[in-house]
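As provided, target_6.pdb (PDB, C-alpha atoms) reads as follows.
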```
ATOM      1  CA  MET S   5     -47.106  -3.472 -68.169
ATOM      2  CA  PHE S   6     -44.583  -3.620 -65.386
ATOM      3  CA  GLY S   7     -46.089  -4.651 -62.043
ATOM      4  CA  TYR S   8     -45.996  -1.283 -60.254
ATOM      5  CA  ILE S   9     -49.763  -0.869 -59.834
ATOM      6  CA  ARG S  10     -50.501  -2.436 -56.466
ATOM      7  CA  PRO S  11     -52.802  -1.789 -53.516
ATOM      8  CA  ASP S  12     -51.658   0.068 -50.443
ATOM      9  CA  ILE S  13     -52.124  -2.963 -48.193
ATOM     10  CA  PRO S  14     -52.013  -1.232 -44.760
ATOM     11  CA  HIS S  15     -55.050   0.831 -45.784
ATOM     12  CA  MET S  16     -56.885  -1.994 -47.539
ATOM     13  CA  TYR S  17     -60.205  -3.401 -46.298
ATOM     14  CA  VAL S  18     -60.333  -7.159 -45.761
ATOM     15  CA  LYS S  19     -63.152  -7.508 -48.313
ATOM     16  CA  ASP S  20     -61.024  -5.759 -50.923
ATOM     17  CA  GLY S  21     -58.093  -8.038 -50.194
ATOM     18  CA  VAL S  22     -60.336 -11.045 -50.842
ATOM     19  CA  LEU S  23     -61.591  -9.538 -54.098
ATOM     20  CA  TYR S  24     -58.103  -8.573 -55.270
ATOM     21  CA  LYS S  25     -56.677 -12.050 -54.650
ATOM     22  CA  ALA S  26     -59.673 -13.641 -56.380
ATOM     23  CA  LEU S  27     -59.216 -11.384 -59.408
ATOM     24  CA  TYR S  28     -55.504 -12.182 -59.498
ATOM     25  CA  CYS S  29     -56.089 -15.941 -59.396
ATOM     26  CA  GLY S  30     -58.961 -15.719 -61.867
ATOM     27  CA  LEU S  31     -56.834 -13.764 -64.314
ATOM     28  CA  CYS S  32     -54.055 -16.334 -63.966
ATOM     29  CA  LYS S  33     -56.504 -19.153 -64.714
ATOM     30  CA  SER S  34     -57.898 -17.269 -67.699
ATOM     31  CA  LEU S  35     -54.386 -16.646 -69.026
ATOM     32  CA  GLY S  36     -53.720 -20.359 -69.057
ATOM     33  CA  GLY S  37     -56.992 -21.092 -70.832
ATOM     34  CA  CYS S  38     -56.704 -18.330 -73.453
ATOM     35  CA  CYS S  39     -53.007 -18.024 -74.099
ATOM     36  CA  GLY S  40     -51.402 -21.231 -72.838
ATOM     37  CA  GLN S  41     -49.654 -22.179 -69.626
ATOM     38  CA  ARG S  42     -46.463 -20.314 -70.506
ATOM     39  CA  ALA S  43     -48.332 -17.015 -70.562
ATOM     40  CA  ARG S  44     -49.219 -17.432 -66.880
ATOM     41  CA  MET S  45     -45.595 -16.682 -65.999
ATOM     42  CA  ALA S  46     -46.177 -13.070 -67.098
ATOM     43  CA  LEU S  47     -49.210 -12.459 -64.881
ATOM     44  CA  SER S  48     -49.168  -8.801 -63.828
ATOM     45  CA  TYR S  49     -50.495  -6.888 -60.828
ATOM     46  CA  ASP S  50     -51.218  -4.059 -63.273
ATOM     47  CA  MET S  51     -53.663  -6.188 -65.236
ATOM     48  CA  THR S  52     -55.340  -7.353 -62.030
ATOM     49  CA  PHE S  53     -56.082  -3.711 -61.272
ATOM     50  CA  LEU S  54     -57.312  -3.195 -64.840
ATOM     51  CA  SER S  55     -59.659  -6.162 -64.458
ATOM     52  CA  ALA S  56     -61.107  -4.691 -61.241
ATOM     53  CA  LEU S  57     -61.565  -1.261 -62.816
ATOM     54  CA  LEU S  58     -63.140  -2.501 -66.050
ATOM     55  CA  HIS S  59     -65.548  -4.891 -64.331
ATOM     56  CA  ASN S  60     -66.808  -2.085 -62.118
ATOM     57  CA  LEU S  61     -67.145   0.499 -64.898
ATOM     58  CA  THR S  62     -68.993  -1.885 -67.206
ATOM     59  CA  GLY S  63     -71.232  -3.246 -64.448
ATOM     60  CA  LYS S  64     -70.084  -6.824 -64.968
ATOM     61  CA  ASP S  65     -70.293  -8.586 -61.627
ATOM     62  CA  VAL S  66     -67.359 -10.660 -60.374
ATOM     63  CA  ARG S  67     -68.488 -14.117 -59.282
ATOM     64  CA  ILE S  68     -66.053 -15.738 -56.862
ATOM     65  CA  GLU S  69     -65.673 -19.531 -56.810
ATOM     66  CA  ARG S  70     -63.593 -21.954 -54.751
ATOM     67  CA  ARG S  71     -61.274 -23.737 -57.178
ATOM     68  CA  ARG S  72     -57.921 -25.502 -57.315
ATOM     69  CA  CYS S  73     -55.044 -24.770 -59.663
ATOM     70  CA  VAL S  74     -51.663 -26.219 -60.636
ATOM     71  CA  LEU S  75     -49.781 -24.248 -57.983
ATOM     72  CA  HIS S  76     -52.358 -25.014 -55.285
ATOM     73  CA  PRO S  77     -53.719 -28.473 -56.141
ATOM     74  CA  PHE S  78     -54.912 -29.503 -52.680
ATOM     75  CA  VAL S  79     -56.491 -26.473 -51.018
ATOM     76  CA  PRO S  80     -59.166 -24.621 -53.038
ATOM     77  CA  ARG S  81     -58.706 -20.871 -53.356
ATOM     78  CA  ASN S  82     -61.062 -17.993 -53.989
ATOM     79  CA  MET S  83     -60.989 -17.358 -57.722
ATOM     80  CA  ALA S  84     -62.944 -14.960 -59.942
ATOM     81  CA  ALA S  85     -65.000 -16.908 -62.485
ATOM     82  CA  ASP S  86     -63.954 -16.543 -66.107
ATOM     83  CA  ASP S  87     -65.896 -14.147 -68.348
ATOM     84  CA  ASP S  88     -65.438 -12.276 -71.634
ATOM     85  CA  LEU S  89     -63.862  -9.238 -70.001
ATOM     86  CA  THR S  90     -61.386 -11.302 -67.986
ATOM     87  CA  ARG S  91     -60.368 -13.176 -71.139
ATOM     88  CA  LYS S  92     -59.734  -9.917 -72.981
ATOM     89  CA  VAL S  93     -57.646  -8.558 -70.099
ATOM     90  CA  ALA S  94     -55.732 -11.852 -69.989
ATOM     91  CA  CYS S  95     -54.956 -11.571 -73.691
ATOM     92  CA  LEU S  96     -53.783  -7.991 -73.191
ATOM     93  CA  ASN S  97     -51.495  -9.272 -70.438
ATOM     94  CA  ALA S  98     -49.958 -11.815 -72.808
ATOM     95  CA  ALA S  99     -49.593  -9.299 -75.649
ATOM     96  CA  LEU S 100     -48.021  -6.561 -73.522
ATOM     97  CA  ALA S 101     -45.652  -9.057 -71.890
ATOM     98  CA  TYR S 102     -44.457 -10.092 -75.333
ATOM     99  CA  TYR S 103     -43.916  -6.484 -76.403
ATOM    100  CA  LYS S 104     -42.062  -5.779 -73.151
ATOM    101  CA  ALA S 105     -39.787  -8.758 -73.774
ATOM    102  CA  SER S 106     -39.201  -7.582 -77.358
ATOM    103  CA  ASP S 107     -38.325  -4.124 -76.052
ATOM    104  CA  ASP S 108     -35.785  -5.627 -73.647
ATOM    105  CA  VAL S 109     -34.160  -7.508 -76.532
ATOM    106  CA  GLU S 110     -33.847  -4.325 -78.591
ATOM    107  CA  ASP S 111     -32.578  -2.239 -75.669
ATOM    108  CA  GLU S 112     -30.179  -4.672 -74.038
ATOM    109  CA  GLY S 113     -29.656  -7.416 -76.607
ATOM    110  CA  LYS S 114     -30.766 -10.062 -74.122
ATOM    111  CA  GLY S 115     -33.974 -11.776 -73.133
ATOM    112  CA  ARG S 116     -34.477 -13.637 -76.408
ATOM    113  CA  PHE S 117     -35.482 -16.762 -74.530
ATOM    114  CA  VAL S 118     -38.159 -14.840 -72.617
ATOM    115  CA  ARG S 119     -39.463 -13.329 -75.849
ATOM    116  CA  ALA S 120     -39.607 -16.742 -77.484
ATOM    117  CA  TRP S 121     -41.349 -18.113 -74.380
ATOM    118  CA  MET S 122     -44.013 -15.386 -74.617
ATOM    119  CA  ARG S 123     -44.512 -15.498 -78.388
ATOM    120  CA  GLY S 124     -47.051 -18.331 -78.355
ATOM    121  CA  GLY S 125     -49.293 -16.570 -75.855
ATOM    122  CA  ALA S 126     -49.171 -13.340 -77.860
ATOM    123  CA  ARG S 127     -50.158 -15.204 -81.022
ATOM    124  CA  ARG S 128     -53.138 -16.753 -79.278
ATOM    125  CA  ALA S 129     -54.146 -13.338 -77.971
ATOM    126  CA  GLN S 130     -53.925 -11.903 -81.473
ATOM    127  CA  LYS S 131     -56.095 -14.692 -82.829
ATOM    128  CA  LEU S 132     -58.772 -14.233 -80.147
ATOM    129  CA  PHE S 133     -58.891 -10.420 -80.228
ATOM    130  CA  PRO S 134     -57.274  -9.235 -83.489
ATOM    131  CA  GLU S 135     -58.687  -5.691 -83.411
ATOM    132  CA  THR S 136     -57.588  -5.112 -79.828
ATOM    133  CA  TYR S 137     -54.153  -6.574 -80.519
ATOM    134  CA  ALA S 138     -53.747  -4.322 -83.562
ATOM    135  CA  ARG S 139     -54.017  -1.241 -81.362
ATOM    136  CA  ILE S 140     -50.715  -2.008 -79.663
ATOM    137  CA  ALA S 141     -48.161  -1.911 -82.502
ATOM    138  CA  PRO S 142     -48.629   1.729 -83.678
ATOM    139  CA  HIS S 143     -48.100   3.107 -80.179
ATOM    140  CA  MET S 144     -45.072   0.904 -79.571
ATOM    141  CA  GLN S 145     -43.586   2.053 -82.873
ATOM    142  CA  ALA S 146     -44.145   5.688 -81.902
ATOM    143  CA  LEU S 147     -42.487   5.007 -78.555
ATOM    144  CA  ARG S 148     -39.514   3.364 -80.237
ATOM    145  CA  ALA S 149     -39.146   6.371 -82.591
ATOM    146  CA  LEU S 150     -38.973   8.776 -79.642
ATOM    147  CA  GLU S 151     -36.396   6.577 -77.949
ATOM    148  CA  ARG S 152     -34.239   6.540 -81.089
ATOM    149  CA  GLU S 153     -34.228  10.340 -81.219
ATOM    150  CA  ASN S 154     -33.332  10.462 -77.494
ATOM    151  CA  CYS S 155     -36.390  12.587 -76.733
ATOM    152  CA  ALA S 156     -35.690  14.946 -73.819
ATOM    153  CA  GLY S 157     -39.334  15.882 -73.284
ATOM    154  CA  ILE S 158     -40.618  13.772 -70.394
ATOM    155  CA  ASP S 159     -44.316  14.285 -71.168
ATOM    156  CA  ARG S 160     -43.739  13.685 -74.877
ATOM    157  CA  ALA S 161     -41.783  10.495 -74.205
ATOM    158  CA  ALA S 162     -44.577   9.078 -72.014
ATOM    159  CA  ASP S 163     -47.365   9.995 -74.453
ATOM    160  CA  PRO S 164     -47.331   6.875 -76.715
ATOM    161  CA  PHE S 165     -47.624   4.422 -73.839
ATOM    162  CA  ALA S 166     -50.253   6.551 -72.114
ATOM    163  CA  LEU S 167     -52.261   6.701 -75.350
ATOM    164  CA  LEU S 168     -51.915   2.924 -75.697
ATOM    165  CA  ILE S 169     -53.497   2.315 -72.289
ATOM    166  CA  ALA S 170     -56.210   4.882 -73.044
ATOM    167  CA  ASP S 171     -57.028   3.204 -76.380
ATOM    168  CA  LEU S 172     -57.090  -0.252 -74.820
ATOM    169  CA  SER S 173     -59.445   0.976 -72.096
ATOM    170  CA  ASP S 174     -61.792   2.397 -74.749
ATOM    171  CA  ASP S 175     -61.742  -0.940 -76.550
ATOM    172  CA  CYS S 176     -62.509  -2.944 -73.410
ATOM    173  CA  LEU S 177     -65.176  -0.582 -72.078
ATOM    174  CA  GLY S 178     -67.064  -0.195 -75.346
ATOM    175  CA  GLU S 179     -70.187   1.892 -74.747
ATOM    176  CA  ALA S 180     -69.141   2.491 -71.132
ATOM    177  CA  ALA S 181     -66.072   4.455 -72.270
ATOM    178  CA  THR S 182     -66.184   8.201 -71.572
ATOM    179  CA  GLU S 183     -63.848  11.158 -71.662
ATOM    180  CA  ASN S 184     -63.147  10.629 -67.969
ATOM    181  CA  THR S 185     -62.377   6.896 -68.235
ATOM    182  CA  ARG S 186     -60.011   7.630 -71.110
ATOM    183  CA  ALA S 187     -58.280  10.462 -69.244
ATOM    184  CA  LEU S 188     -57.891   8.332 -66.110
ATOM    185  CA  CYS S 189     -56.370   5.422 -68.045
ATOM    186  CA  TYR S 190     -54.125   7.852 -69.926
ATOM    187  CA  GLY S 191     -52.826   9.183 -66.611
ATOM    188  CA  ILE S 192     -52.256   5.697 -65.241
ATOM    189  CA  GLY S 193     -50.398   4.681 -68.399
ATOM    190  CA  LYS S 194     -48.255   7.803 -68.179
ATOM    191  CA  TRP S 195     -47.448   7.050 -64.556
ATOM    192  CA  VAL S 196     -46.483   3.431 -65.343
ATOM    193  CA  TYR S 197     -44.083   4.528 -68.074
ATOM    194  CA  LEU S 198     -42.461   7.244 -65.963
ATOM    195  CA  ILE S 199     -42.174   5.264 -62.724
ATOM    196  CA  ASP S 200     -40.524   2.427 -64.646
ATOM    197  CA  ALA S 201     -38.099   4.897 -66.213
ATOM    198  CA  LEU S 202     -37.282   6.459 -62.842
ATOM    199  CA  ASP S 203     -36.767   3.029 -61.277
ATOM    200  CA  ASP S 204     -34.418   2.007 -64.117
ATOM    201  CA  TYR S 205     -32.439   5.277 -64.135
ATOM    202  CA  ASP S 206     -29.107   3.938 -62.886
ATOM    203  CA  LYS S 207     -29.377   0.749 -64.932
ATOM    204  CA  ASP S 208     -30.118   2.702 -68.106
ATOM    205  CA  VAL S 209     -27.177   5.045 -67.507
ATOM    206  CA  LYS S 210     -24.859   2.072 -67.034
ATOM    207  CA  LYS S 211     -26.114   0.261 -70.134
ATOM    208  CA  LYS S 212     -26.543   3.461 -72.181
ATOM    209  CA  ASN S 213     -30.210   2.762 -72.802
ATOM    210  CA  TYR S 214     -32.712   5.501 -73.476
ATOM    211  CA  ASN S 215     -34.379   6.966 -70.417
ATOM    212  CA  PRO S 216     -36.479  10.160 -70.521
ATOM    213  CA  PHE S 217     -35.140  11.389 -67.170
ATOM    214  CA  VAL S 218     -31.549  10.827 -68.287
ATOM    215  CA  ALA S 219     -32.238  12.614 -71.578
ATOM    216  CA  ALA S 220     -33.892  15.524 -69.759
ATOM    217  CA  PHE S 221     -31.460  16.004 -66.867
ATOM    218  CA  GLY S 222     -28.269  14.128 -67.781
ATOM    219  CA  ALA S 223     -27.120  13.392 -64.228
ATOM    220  CA  PRO S 224     -24.851  10.335 -63.870
ATOM    221  CA  THR S 225     -26.920   8.801 -61.038
ATOM    222  CA  ARG S 226     -30.545   8.894 -59.937
ATOM    223  CA  ALA S 227     -29.527  10.203 -56.520
ATOM    224  CA  GLN S 228     -27.750  13.178 -58.072
ATOM    225  CA  MET S 229     -30.596  13.789 -60.513
ATOM    226  CA  LEU S 230     -33.118  13.883 -57.655
ATOM    227  CA  GLN S 231     -30.872  16.099 -55.584
ATOM    228  CA  GLU S 232     -30.652  18.625 -58.417
ATOM    229  CA  ASN S 233     -34.102  18.219 -60.004
ATOM    230  CA  GLY S 234     -36.159  16.427 -57.379
ATOM    231  CA  GLU S 235     -38.802  19.120 -57.085
ATOM    232  CA  GLU S 236     -39.470  19.059 -60.825
ATOM    233  CA  VAL S 237     -39.718  15.260 -60.829
ATOM    234  CA  ARG S 238     -42.110  15.292 -57.873
ATOM    235  CA  PHE S 239     -44.209  17.973 -59.570
ATOM    236  CA  ILE S 240     -44.626  15.686 -62.601
ATOM    237  CA  PHE S 241     -45.974  12.889 -60.412
ATOM    238  CA  ARG S 242     -48.107  15.227 -58.281
ATOM    239  CA  SER S 243     -49.721  16.526 -61.467
ATOM    240  CA  ILE S 244     -50.578  12.983 -62.575
ATOM    241  CA  PHE S 245     -52.079  12.150 -59.171
ATOM    242  CA  ALA S 246     -54.160  15.333 -59.123
ATOM    243  CA  GLU S 247     -55.570  14.666 -62.585
ATOM    244  CA  ASN S 248     -56.271  11.022 -61.730
ATOM    245  CA  ALA S 249     -58.143  12.018 -58.564
ATOM    246  CA  GLU S 250     -60.220  14.583 -60.461
ATOM    247  CA  ARG S 251     -61.169  12.103 -63.183
ATOM    248  CA  LEU S 252     -61.821   9.321 -60.681
ATOM    249  CA  ALA S 253     -64.362  11.475 -58.841
ATOM    250  CA  LYS S 254     -66.348  11.907 -62.068
ATOM    251  CA  LEU S 255     -66.640   8.219 -62.944
ATOM    252  CA  ARG S 256     -69.840   6.222 -62.570
ATOM    253  CA  PHE S 257     -69.126   2.945 -60.792
ATOM    254  CA  HIS S 258     -71.689   0.158 -60.649
ATOM    255  CA  PHE S 259     -70.343  -1.462 -57.473
ATOM    256  CA  ASN S 260     -68.305  -0.554 -54.429
ATOM    257  CA  HIS S 261     -65.051   1.011 -55.617
ATOM    258  CA  ASP S 262     -62.964   0.943 -52.439
ATOM    259  CA  LEU S 263     -60.422  -1.379 -54.091
ATOM    260  CA  THR S 264     -59.752   0.791 -57.148
ATOM    261  CA  ASP S 265     -59.772   3.945 -54.988
ATOM    262  CA  ASN S 266     -57.148   2.362 -52.751
ATOM    263  CA  ILE S 267     -54.914   1.511 -55.695
ATOM    264  CA  ILE S 268     -55.264   4.807 -57.565
ATOM    265  CA  LEU S 269     -55.272   7.233 -54.630
ATOM    266  CA  ARG S 270     -52.908   5.387 -52.283
ATOM    267  CA  GLY S 271     -51.117   2.576 -54.092
ATOM    268  CA  LEU S 272     -49.652   4.685 -56.897
ATOM    269  CA  PRO S 273     -48.276   7.395 -54.575
ATOM    270  CA  ALA S 274     -46.894   4.717 -52.228
ATOM    271  CA  ALA S 275     -45.070   3.020 -55.122
ATOM    272  CA  THR S 276     -43.728   6.414 -56.202
ATOM    273  CA  ARG S 277     -42.363   7.008 -52.727
ATOM    274  CA  ARG S 278     -40.612   3.638 -52.777
ATOM    275  CA  VAL S 279     -38.947   4.391 -56.097
ATOM    276  CA  LEU S 280     -37.977   7.942 -55.121
ATOM    277  CA  CYS S 281     -36.283   6.746 -51.946
ATOM    278  CA  GLY S 282     -34.791   3.653 -53.580
ATOM    279  CA  CYS S 283     -36.652   1.297 -51.220
ATOM    280  CA  LYS S 284     -37.260  -2.346 -52.048
ATOM    281  CA  ASP S 285     -40.784  -3.734 -52.238
ATOM    282  CA  THR S 286     -40.278  -5.393 -48.844
ATOM    283  CA  GLN S 287     -39.792  -1.930 -47.304
ATOM    284  CA  LYS S 288     -43.261  -0.598 -48.010
ATOM    285  CA  PRO S 289     -44.142   2.561 -46.101
ATOM    286  CA  THR S 290     -47.260   2.282 -43.962
ATOM    287  CA  ARG S 291     -48.068   5.968 -44.228
ATOM    288  CA  ILE S 292     -48.138   8.309 -47.216
ATOM    289  CA  ASP S 293     -46.972  11.872 -46.738
ATOM    290  CA  TRP S 294     -48.935  13.673 -49.448
ATOM    291  CA  ASN S 295     -46.808  16.800 -49.010
ATOM    292  CA  ARG S 296     -43.765  14.884 -50.203
ATOM    293  CA  ILE S 297     -45.432  13.332 -53.249
TER     294      ILE S 297
END
```
As structure tokens, please, write out the structure in this file.
Amino acid sequence: MFGYIRPDIPHMYVKDGVLYKALYCGLCKSLGGCCGQRARMALSYDMTFLSALLHNLTGKDVRIERRRCVLHPFVPRNMAADDDLTRKVACLNAALAYYKASDDVEDEGKGRFVRAWMRGGARRAQKLFPETYARIAPHMQALRALERENCAGIDRAADPFALLIADLSDDCLGEAATENTRALCYGIGKWVYLIDALDDYDKDVKKKNYNPFVAAFGAPTRAQMLQENGEEVRFIFRSIFAENAERLAKLRFHFNHDLTDNIILRGLPAATRRVLCGCKDTQKPTRIDWNRI
């Protein structure tokens, strides 16, 4: 995944900030233990969110410990204790990072060093969770096929990656998986794919890489595309947010879900606003205008 799924910090409770940081550090520690120290370089905010969501839906409590790590050897930090679910999410992080690096090599012909750097972690992930790992390749192949045909259907182009995230959520949740958890994870996967494509619009035009928005609208720049088709693009994202909110309301959480609510209901729209306006991450809006998303 790509690092777009983040909390909306101005509207985040202190307790949720503590939990989020502990989950992030715990996932990093688990990555090193499961997939090797190199894999820790690919630690993703997206997978931190997934860890929070899956722990809550399965009813697996997060136990926070004070521990040191390589980057912070002197001052102990709050860190989520390792468990089976965290290890599986860590392995998914390593596997998806490897596939992302492989995709960059095929698209741009560069990044071979990064792919080689990530290969060992992906192999360890495959060895630990072979059935989960096997779910990834078919969806990535379907995605690559759509890219080769220069698919102009935005929803169709996002479908393989959205289905991948939905399938992985089913695998991790096991008996806790429902129609609503699958639909929510499908929507989040769809959003990740499309927000990444929108963010990379100008770069993909310059490098002549496939991009569903370029294939659909053909404008030479993102600014021009949004000027001519901005309402349609915003409608796509508004539809995703509406479906996510509807599914989220139907889920059964075992613990307080302020953190995941913040990320899904506020963080995703805030990230969308940043990409639509071309803002950098350091220019995060403190208020979300829902009428413009």
*Using all atoms listed in the file, determine which residues lie at most 9 Å from S:Ser55, disregarding the query and same-chain residues fewer than 5 positions distant; provide the list as a list in words.*
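The neighbour list is Leu27, Tyr28, Leu31, Asp50, Asn60, Leu89, Thr90, Val93 and Ala94 of chain S.
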*Could you write out as number ranges by chain the residues that the PyMOL selection byres ((chain S and resi 242-244) around 8) matches in the shown file?*
S: 191-192, 194-195, 238-241, 245-248, 297
*How would you write, as a PyMOL selection string, the residues chosen by the PyMOL selection byres ((chain S and resi 127) around 12) on this structure?*
chain S and resi 38-40+43+95-96+98-103+120-126+128-134+137-138
_All residues 7 Å or closer to stretch 263-276 of chain S, only C-alpha atoms, same chain fewer than 5 positions away omitted, as a list in words_ =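 Within the cut-off, the hits are Tyr8, Ile9, Arg10, Pro11, Asp12, Met16, Asp20, Ala56, Leu57, Ile199, Ala249, Ile292 and Ile297 of chain S.
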*Measure the distance from atom CA of S:Lys254 to atom CA of S:Thr52 in Å and round it to one decimal.*
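Atom CA of S:Thr52 lies at a distance of 22.2 Å from atom CA of S:Lys254.
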*Counting only C-alpha atoms, the option among S:Arg71, S:Arg119, S:Arg278, S:Lys210 closest to S:Ala223*: S:Lys210
Nearby residues (all atoms listed in the file) at most 10 Å from stretch 61-67 of chain S, same-chain spacing under 3 positions excluded, as a JSON list (two decimals) with C-alpha atoms, in the coordinates of the input:
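The resulting file, result30.json, is reproduced below:
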```
[["chain", "number", "residue", "atom", "x", "y", "z"],
["S", 23, "LEU", "CA", -61.59, -9.54, -54.10],
["S", 26, "ALA", "CA", -59.67, -13.64, -56.38],
["S", 27, "LEU", "CA", -59.22, -11.38, -59.41],
["S", 30, "GLY", "CA", -58.96, -15.72, -61.87],
["S", 55, "SER", "CA", -59.66, -6.16, -64.46],
["S", 56, "ALA", "CA", -61.11, -4.69, -61.24],
["S", 57, "LEU", "CA", -61.56, -1.26, -62.82],
["S", 58, "LEU", "CA", -63.14, -2.50, -66.05],
["S", 82, "ASN", "CA", -61.06, -17.99, -53.99],
["S", 83, "MET", "CA", -60.99, -17.36, -57.72],
["S", 84, "ALA", "CA", -62.94, -14.96, -59.94],
["S", 85, "ALA", "CA", -65.00, -16.91, -62.48],
["S", 86, "ASP", "CA", -63.95, -16.54, -66.11],
["S", 87, "ASP", "CA", -65.90, -14.15, -68.35],
["S", 88, "ASP", "CA", -65.44, -12.28, -71.63],
["S", 89, "LEU", "CA", -63.86, -9.24, -70.00],
["S", 90, "THR", "CA", -61.39, -11.30, -67.99],
["S", 176, "CYS", "CA", -62.51, -2.94, -73.41],
["S", 177, "LEU", "CA", -65.18, -0.58, -72.08],
["S", 178, "GLY", "CA", -67.06, -0.20, -75.35],
["S", 179, "GLU", "CA", -70.19, 1.89, -74.75],
["S", 180, "ALA", "CA", -69.14, 2.49, -71.13],
["S", 181, "ALA", "CA", -66.07, 4.46, -72.27],
["S", 185, "THR", "CA", -62.38, 6.90, -68.24],
["S", 255, "LEU", "CA", -66.64, 8.22, -62.94],
["S", 256, "ARG", "CA", -69.84, 6.22, -62.57],
["S", 257, "PHE", "CA", -69.13, 2.94, -60.79],
["S", 258, "HIS", "CA", -71.69, 0.16, -60.65],
["S", 259, "PHE", "CA", -70.34, -1.46, -57.47],
["S", 261, "HIS", "CA", -65.05, 1.01, -55.62]]
```
_What does the structure give for the distance between atom CA of S:Pro164 and atom CA of S:Leu147, in Å to one decimal?_
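Pair atom CA of S:Pro164 / atom CA of S:Leu147 returns 5.5 Å.
Interatomic distance, atom CA of S:Ile13 to atom CA of S:Gly282: 19.3 Å.
Shortest atom-to-atom contact with S:Phe217 among S:Ala166, S:Leu150, S:Cys155, S:Ile140: S:Cys155, counting only C-alpha atoms.
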_Given the point (-52.7, 5.0, -83.3) in the coordinates of this file, which residues lie within 9 Å, counting all atoms listed in the file, and how would they look as a PyMOL selection string?_
chain S and resi 139-143+146+164+167-168+171
*From the list S:Val118, S:Leu75, S:Ala227, S:Leu198, which residue is nearest S:Arg42 when using only C-alpha atoms?*
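That would be S:Val118, the residue with the smallest distance to S:Arg42.
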*asked:* So that I can check the surroundings of S:Lys207, please list as a ChimeraX atom specification every protein, DNA and RNA residue that reaches within 12 Å of it, counting all atoms listed in the file and ignoring chain neighbours fewer than 3 positions away.
replied: /S:111-112,200-204,210-215,218,224-226
